[in-house]
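> Questions regarding the structure given below will be posed in turn.
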Amino acid sequence: MTTVAEVAQPVVARRWTVWATALLLPVGPLAVAVLRYVLPYDTVDDSSTMVRKAIAEPGRASLVLWLGFVAVLTLVPAAYAVGRMTRSRTPRLTAAALVLLVPGYLSLGWLAASDQLLWLGPEAGLAAGDVIRLYDAAHPTTEIAEVFFVVGHVVGTILLGVALWRSQVVPRWAAVAVIVSQPIHIVAAVVVPNHTLDLFGWGLQAAGFAAVGWAMVRGSRLP
């Protein structure tokens with residue numbers, strides 16, 4: 001005979017899983033939002049400027065690595081969790097978004113190697129000129145990773161936002177926040193470098209993902 005305790009155990013486990021996933025969802029985008037805000041250099045800077053700015057701000061350069069580490073661990077699970085919410089109503093759109101997002105987010109770990117170098121070189125006592133030469137001698141896979149990341153996380157996030165809009169699993173504002181987050185990031189990173197605007201762009205994605213998490217929690221409530 002099945003006892004009340006045996007029935008309750010999977011229910012409690014499911015609730016914990018849902019809450020853990022909901023709390024995880026905004027962590028990655030929020031980590032990148034702060035990373036982009038504290039980044040000691042601008043994306044459009046040349047290697048010499050990047051190195052000199054990083055050397056001048058070792059604390060910020062180190063924080064960038066910590067935040068990047070958090071993002072690498074959390075962005076892919078978050079994208080997958082959002083995709084699970086939208087796939088039943090928008091399967092093709094969700095699949096297209098994840099095909100772009102997953103390799104894009106995974107490529108972030110490869111790109112973080114460049115920021116590792118900006119912190120490790122000065123920490124090891126290398127002169128700025130030596131660090132610049134090392135930075136410029138990047139392996140070709142770095143350029144491939146950049147393409148995967150840029151195309152993947154920008155286009156993929158837009159598609160995932162559209163999937164949220166069409167599936168109606170979150171309020172419209174949350175879907176719009178996800179859709180516009182990465183175009184804002186591109187403007188802030190490349191067109192008119194502005195770290196505060198970049199924080200806002202990625203922050204919108206974090207807010208949109210948090211709304212998905214809340215929808216998950218509400219949908220999992222049992223009588």
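In the structure tokens, the first chain shown is A, the next is B, and so on; residue numbers restart at 1 for each chain, and ligands run from 1 in the order shown.
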Using only C-alpha atoms, which residues of region 15-87 of chain A come within 10 Å of region 155-165 of chain A, and what is the closest atom pair for each, with the distance in Å to one decimal? Give it as CSV, sorted by chain and residue number.

```
residue,atom,partner,partner_atom,distance
A:Ala79,CA,A:Leu160,CA,8.5
A:Val82,CA,A:Leu160,CA,8.1
A:Gly83,CA,A:Leu160,CA,7.5
A:Met85,CA,A:Leu164,CA,8.3
A:Thr86,CA,A:Ala163,CA,6.2
A:Arg87,CA,A:Ala163,CA,8.1
```
> What's the 8 Å shell around Ala206 (chain A), counting only C-alpha atoms, without same-chain residues fewer than 3 positions away, as a PyMOL selection string?
chain A and resi 25-30+202-203+209-210
> Just the residues within 12 Å of region 39-44 of chain A, please, counting only C-alpha atoms, with nothing from its chain fewer than 3 positions along; format it as a PyMOL selection string.
chain A and resi 31-36+47-68+115+118-119+185-196+198-199
> Residues of the last selection are to be written out with N, CA and C atoms, as a compact mmCIF listing (two decimals), in the first residue's frame.

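Output saved as again33.txt:
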```
# COMPACT_ATOMS: atom_id res chain seq x y z
N ALA A 31 24.69 37.74 -14.46
CA ALA A 31 26.15 37.70 -14.33
C ALA A 31 26.81 38.42 -15.50
N VAL A 32 26.30 38.19 -16.71
CA VAL A 32 26.86 38.86 -17.89
C VAL A 32 26.56 40.36 -17.84
N ALA A 33 25.38 40.72 -17.34
CA ALA A 33 25.05 42.14 -17.23
C ALA A 33 26.06 42.87 -16.36
N VAL A 34 26.37 42.30 -15.21
CA VAL A 34 27.35 42.92 -14.32
C VAL A 34 28.74 42.87 -14.94
N LEU A 35 29.05 41.76 -15.60
CA LEU A 35 30.35 41.62 -16.28
C LEU A 35 30.55 42.74 -17.29
N ARG A 36 29.52 42.97 -18.10
CA ARG A 36 29.64 44.01 -19.12
C ARG A 36 29.76 45.39 -18.50
N SER A 47 43.83 45.75 -29.12
CA SER A 47 44.45 44.88 -28.11
C SER A 47 45.35 45.65 -27.16
N SER A 48 46.08 46.63 -27.68
CA SER A 48 46.97 47.42 -26.84
C SER A 48 46.19 48.17 -25.76
N THR A 49 45.08 48.77 -26.16
CA THR A 49 44.26 49.51 -25.21
C THR A 49 43.62 48.58 -24.19
N MET A 50 43.14 47.42 -24.67
CA MET A 50 42.54 46.45 -23.77
C MET A 50 43.52 46.01 -22.69
N VAL A 51 44.72 45.68 -23.11
CA VAL A 51 45.73 45.19 -22.16
C VAL A 51 46.07 46.27 -21.14
N ARG A 52 46.28 47.48 -21.60
CA ARG A 52 46.67 48.55 -20.68
C ARG A 52 45.54 48.90 -19.70
N LYS A 53 44.31 48.86 -20.17
CA LYS A 53 43.18 49.12 -19.28
C LYS A 53 43.02 47.99 -18.25
N ALA A 54 43.22 46.74 -18.69
CA ALA A 54 43.11 45.61 -17.77
C ALA A 54 44.21 45.64 -16.72
N ILE A 55 45.42 46.01 -17.13
CA ILE A 55 46.54 46.12 -16.18
C ILE A 55 46.24 47.20 -15.14
N ALA A 56 45.59 48.27 -15.57
CA ALA A 56 45.28 49.37 -14.66
C ALA A 56 44.15 49.03 -13.69
N GLU A 57 43.34 47.99 -14.03
CA GLU A 57 42.19 47.62 -13.19
C GLU A 57 42.21 46.12 -12.92
N PRO A 58 43.20 45.60 -12.18
CA PRO A 58 43.29 44.15 -11.96
C PRO A 58 42.09 43.59 -11.19
N GLY A 59 41.53 44.35 -10.28
CA GLY A 59 40.38 43.89 -9.53
C GLY A 59 39.18 43.66 -10.43
N ARG A 60 38.93 44.57 -11.33
CA ARG A 60 37.83 44.44 -12.27
C ARG A 60 38.10 43.31 -13.25
N ALA A 61 39.35 43.17 -13.68
CA ALA A 61 39.70 42.08 -14.59
C ALA A 61 39.45 40.73 -13.93
N SER A 62 39.73 40.63 -12.64
CA SER A 62 39.48 39.39 -11.91
C SER A 62 37.98 39.14 -11.75
N LEU A 63 37.22 40.19 -11.46
CA LEU A 63 35.77 40.05 -11.30
C LEU A 63 35.13 39.59 -12.60
N VAL A 64 35.63 40.06 -13.72
CA VAL A 64 35.13 39.63 -15.02
C VAL A 64 35.26 38.11 -15.16
N LEU A 65 36.37 37.56 -14.70
CA LEU A 65 36.58 36.11 -14.80
C LEU A 65 35.60 35.35 -13.91
N TRP A 66 35.38 35.83 -12.70
CA TRP A 66 34.42 35.19 -11.80
C TRP A 66 33.01 35.21 -12.40
N LEU A 67 32.61 36.35 -12.91
CA LEU A 67 31.28 36.47 -13.50
C LEU A 67 31.15 35.62 -14.76
N GLY A 68 32.20 35.57 -15.56
CA GLY A 68 32.18 34.73 -16.75
C GLY A 68 32.05 33.27 -16.40
N ASP A 115 40.27 36.87 -21.63
CA ASP A 115 40.25 37.65 -20.39
C ASP A 115 41.14 37.02 -19.32
N LEU A 118 44.48 38.46 -20.01
CA LEU A 118 44.60 39.86 -19.58
C LEU A 118 44.88 39.97 -18.08
N TRP A 119 44.43 38.97 -17.31
CA TRP A 119 44.68 38.99 -15.87
C TRP A 119 45.96 38.22 -15.52
N HIS A 185 22.24 45.22 -26.34
CA HIS A 185 23.62 44.86 -26.02
C HIS A 185 24.56 45.16 -27.18
N ILE A 186 24.15 44.82 -28.40
CA ILE A 186 25.00 45.07 -29.57
C ILE A 186 25.26 46.56 -29.74
N VAL A 187 24.22 47.36 -29.57
CA VAL A 187 24.38 48.82 -29.67
C VAL A 187 25.37 49.30 -28.61
N ALA A 188 25.20 48.81 -27.37
CA ALA A 188 26.03 49.26 -26.26
C ALA A 188 27.46 48.75 -26.35
N ALA A 189 27.66 47.62 -27.00
CA ALA A 189 28.99 47.02 -27.07
C ALA A 189 29.78 47.49 -28.28
N VAL A 190 29.09 47.74 -29.40
CA VAL A 190 29.79 47.99 -30.66
C VAL A 190 29.50 49.36 -31.25
N VAL A 191 28.24 49.76 -31.27
CA VAL A 191 27.86 50.99 -31.98
C VAL A 191 28.25 52.23 -31.18
N VAL A 192 27.73 52.34 -29.97
CA VAL A 192 28.07 53.46 -29.08
C VAL A 192 28.45 52.88 -27.72
N PRO A 193 29.71 52.44 -27.55
CA PRO A 193 30.11 51.74 -26.32
C PRO A 193 29.62 52.45 -25.06
N ASN A 194 28.81 51.73 -24.29
CA ASN A 194 28.23 52.29 -23.08
C ASN A 194 27.96 51.15 -22.11
N HIS A 195 28.74 51.04 -21.06
CA HIS A 195 28.62 49.91 -20.14
C HIS A 195 27.31 49.93 -19.35
N THR A 196 26.81 51.11 -19.07
CA THR A 196 25.54 51.20 -18.34
C THR A 196 24.39 50.70 -19.21
N ASP A 198 24.71 48.56 -21.59
CA ASP A 198 24.93 47.12 -21.70
C ASP A 198 24.36 46.39 -20.48
N LEU A 199 24.57 46.97 -19.31
CA LEU A 199 23.98 46.42 -18.09
C LEU A 199 22.47 46.36 -18.21
```
> Which residues are close to Leu204 (chain A), i.e. within 9 Å by only C-alpha atoms, leaving aside same-chain residues fewer than 6 positions away? Reply as a list in words.
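Counting only the stated atoms, we get Pro29, Leu30, Ala174, Val176, Ala177, Val178, Val180, Ser181 and Gln182 of chain A.
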> Return the single residue from A:Pro183, A:Gly219, A:Gly201, A:Pro171 that is closest to Trp19 (chain A), with distances computed using only C-alpha atoms.
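Of the candidates, the smallest distance to Trp19 (chain A) is held by A:Gly219.
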> Looking at A:Asp45, A:Arg92, A:Glu123, A:Leu23, which one is nearest to Thr74 (chain A), with distances taken over only C-alpha atoms?
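Closest to Thr74 (chain A) of all the choices is A:Leu23.
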> CA of Gln205 (chain A) and CA of Leu117 (chain A) are how many Å apart?
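Atom-to-atom, CA of Gln205 (chain A) and CA of Leu117 (chain A) are spaced 28.4 Å apart.
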